[in-house]
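Text of the file target-v1.txt, holding compact mmCIF, C-alpha atoms:
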```
# COMPACT_ATOMS: atom_id res chain seq x y z
CA MET A 68 181.86 6.16 102.15
CA ILE A 69 180.32 9.27 100.62
CA THR A 70 179.07 8.96 97.08
CA PRO A 71 179.53 12.26 95.25
CA PRO A 72 176.68 13.69 93.20
CA SER A 73 176.32 12.14 89.76
CA ASN A 74 177.52 13.88 86.64
CA SER A 75 173.95 14.89 85.82
CA GLY A 76 173.98 17.31 88.78
CA ARG A 77 170.37 16.47 89.55
CA ASN A 78 170.40 14.49 92.79
CA ILE A 79 167.65 15.77 95.04
CA LEU A 80 166.86 14.74 98.61
CA VAL A 81 163.34 15.32 99.97
CA ILE A 82 162.97 14.99 103.77
CA ASP A 83 159.30 15.11 104.78
CA ASP A 84 157.15 12.93 107.00
CA ASP A 85 154.14 13.29 104.68
CA GLU A 86 154.18 10.49 102.10
CA GLY A 87 151.95 12.55 99.80
CA VAL A 88 154.50 15.37 99.74
CA ARG A 89 157.35 12.96 99.02
CA ASP A 90 155.29 11.39 96.23
CA ALA A 91 154.46 14.83 94.80
CA PHE A 92 158.17 15.64 94.44
CA GLU A 93 158.85 12.30 92.78
CA LEU A 94 155.95 12.79 90.35
CA ALA A 95 156.86 16.41 89.58
CA LEU A 96 160.45 15.46 88.80
CA ASP A 97 159.72 12.23 86.95
CA GLY A 98 161.23 12.48 83.48
CA GLN A 99 163.33 15.50 84.47
CA ASP A 100 166.68 13.68 84.41
CA CYS A 101 166.72 13.79 88.22
CA GLU A 102 167.42 11.23 90.87
CA VAL A 103 165.06 11.86 93.79
CA GLU A 104 165.82 10.30 97.17
CA THR A 105 163.23 10.60 99.91
CA ALA A 106 163.30 10.24 103.67
CA GLU A 107 160.35 10.19 106.07
CA GLU A 108 162.16 11.83 109.00
CA GLY A 109 165.29 13.77 109.88
CA GLU A 110 167.53 10.90 110.99
CA ALA A 111 166.85 8.92 107.81
CA GLY A 112 167.48 12.05 105.76
CA LEU A 113 170.80 12.65 107.49
CA ARG A 114 171.89 9.07 106.75
CA LYS A 115 171.00 9.46 103.07
CA PHE A 116 172.73 12.84 102.94
CA ALA A 117 175.89 11.37 104.45
CA THR A 118 176.10 8.36 102.14
CA HIS A 119 174.86 9.86 98.86
CA ARG A 120 175.48 13.60 98.86
CA PRO A 121 172.66 15.36 96.98
CA ASP A 122 172.87 18.52 94.90
CA MET A 123 169.95 20.09 96.75
CA VAL A 124 167.59 19.33 99.65
CA PHE A 125 163.92 20.02 100.30
CA LEU A 126 163.26 19.86 104.05
CA ASP A 127 160.08 19.94 106.11
CA LEU A 128 160.17 21.59 109.54
CA ARG A 129 157.53 19.66 111.41
CA MET A 130 158.45 15.98 111.60
CA PRO A 131 158.56 13.25 114.24
CA GLY A 132 161.93 12.58 115.86
CA ILE A 133 164.33 15.41 115.18
CA ASP A 134 162.56 18.35 113.60
CA GLY A 135 163.61 20.26 110.53
CA PHE A 136 165.53 22.85 112.57
CA GLU A 137 167.86 20.26 114.07
CA THR A 138 168.06 18.39 110.77
CA LEU A 139 169.20 21.63 109.08
CA ARG A 140 171.84 22.23 111.76
CA ARG A 141 173.23 18.73 111.26
CA LEU A 142 173.10 18.95 107.47
CA ARG A 143 175.07 22.19 107.60
CA ARG A 144 177.72 20.60 109.83
CA MET A 145 178.20 17.95 107.13
CA ASP A 146 178.18 20.37 104.18
CA ASP A 147 177.29 24.04 104.19
CA THR A 148 177.37 24.48 100.41
CA ILE A 149 174.40 22.40 99.26
CA PRO A 150 171.22 24.43 98.73
CA VAL A 151 168.51 23.65 101.29
CA PHE A 152 164.89 24.69 100.82
CA ILE A 153 162.69 24.56 103.88
CA VAL A 154 159.22 23.67 102.65
CA THR A 155 156.51 24.12 105.24
CA ALA A 156 152.89 25.12 105.66
CA TYR A 157 153.68 26.25 109.20
CA HIS A 158 156.17 29.07 108.58
CA PRO A 159 154.32 31.86 110.48
CA GLU A 160 154.54 29.97 113.79
CA TYR A 161 158.22 29.22 113.16
CA LEU A 162 159.27 32.71 112.12
CA ASP A 163 161.35 33.45 115.26
CA ALA A 164 163.18 30.13 115.06
CA LEU A 165 163.82 30.61 111.33
CA GLU A 166 165.23 34.08 111.96
CA THR A 167 167.52 32.62 114.63
CA LEU A 168 168.75 29.96 112.18
CA SER A 169 169.36 32.57 109.51
CA ALA A 170 171.23 34.83 111.96
CA SER A 171 173.47 31.91 112.94
CA SER A 172 174.71 31.66 109.33
CA LEU A 173 172.76 28.50 108.51
CA SER A 174 171.78 29.23 104.93
CA PHE A 175 168.42 28.11 103.54
CA GLU A 176 165.50 29.36 101.50
CA LEU A 177 161.90 29.21 102.66
CA ILE A 178 159.06 27.94 100.48
CA SER A 179 155.41 27.61 101.53
CA LYS A 180 153.41 24.43 101.03
CA PRO A 181 151.70 23.35 98.97
CA MET A 182 154.07 23.53 96.00
CA SER A 183 152.73 22.86 92.53
CA ALA A 184 154.61 20.53 90.19
CA ASP A 185 155.56 23.55 88.05
CA HIS A 186 156.93 25.36 91.11
CA ILE A 187 158.98 22.31 92.13
CA ARG A 188 160.45 22.03 88.63
CA SER A 189 161.12 25.78 88.53
CA VAL A 190 163.01 25.77 91.85
CA VAL A 191 165.06 22.75 90.79
CA GLY A 192 165.87 24.28 87.40
CA ARG A 193 166.78 27.67 88.87
CA THR A 194 168.88 26.15 91.65
CA LEU A 195 170.77 23.62 89.57
CA GLY A 196 171.02 25.84 86.50
CA THR A 197 169.23 23.40 84.27
CA SER A 198 166.07 23.50 82.25
CA THR A 199 163.01 21.53 83.24
CA LYS A 200 160.29 20.27 80.99
CA SER A 201 156.59 20.09 81.58
CA PRO A 202 155.07 16.63 81.41
```

What does this structure look like when you write it as structure tokens?
Amino acid sequence: MITPPSNSGRNILVIDDDEGVRDAFELALDGQDCEVETAEEGEAGLRKFATHRPDMVFLDLRMPGIDGFETLRRLRRMDDTIPVFIVTAYHPEYLDALETLSASSLSFELISKPMSADHIRSVVGRTLGTSTKSP
């Protein structure tokens, strides 16, 4: 059973194998009227996406198991309307693959790591059309 997003419109899924990155998103969005779900790899992220549909996704590219490219493909097969932000420190080496994904109509936005707490809040606020507050 798929659980639709809550009425707050602030359900965010972070898929990243780096615990520090997952923690940074949770800390940045603490007190922001958001529900942050995290997953340490693509398969776990897909399961969470399928059972509790988020309003937006932050996705790492380089992860064990299925990488971010395949995770994005599978996410888009489930729902192609939810905003996905690929967050990676490795984007120059993945440029060709990212261009291929973009050309195949898999929509996403690219953000470079590291992201500051203010940048995380800004992206969430801009994407979900809500204001964010500084701690």

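Considering the residues A:Ala156, A:Asp100, A:Leu113, A:Pro181 and counting all atoms listed in the file, Leu139 in chain A has its shortest atom-to-atom contact with A:Leu113.
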
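Atom pair CA of Leu177 in chain A / CA of Ile133 in chain A has a distance of 18.8 Å (rounded to one decimal).
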
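The interatomic distance for the pair CA of Arg193 in chain A and CA of Leu80 in chain A works out to 16.2 Å.
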
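Every protein, DNA or RNA residue with an atom at most 7 Å from Glu107 in chain A, where only C-alpha atoms count and chain neighbours fewer than 4 positions away do not, is listed here: Ile82, Asp83, Asp84 and Ala111 of chain A.
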
Report task. Show which residues sit within 10 Å of Gly109 in chain A, as a PyMOL selection string. Count all atoms listed in the file, and ignore same-chain residues fewer than 5 positions away. Result -> chain A and resi 82-84+114-115+126-139+141-142

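Straight-line separation from CA of Glu108 in chain A to CA of Ile187 in chain A: 20.1 Å.
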
Query raised in the report: Near range 89-95 of chain A, within 10 Å and counting only C-alpha atoms, which residues show up once chain neighbours fewer than 5 positions away are dropped, as a PyMOL selection string?
Result: chain A and resi 79-84+101-107+125+181-188+201-202

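Ranking A:Gly112, A:Thr155, A:Pro150, A:Arg120 by their shortest atom-to-atom distance to Leu195 in chain A, with only C-alpha atoms included, puts A:Pro150 first.
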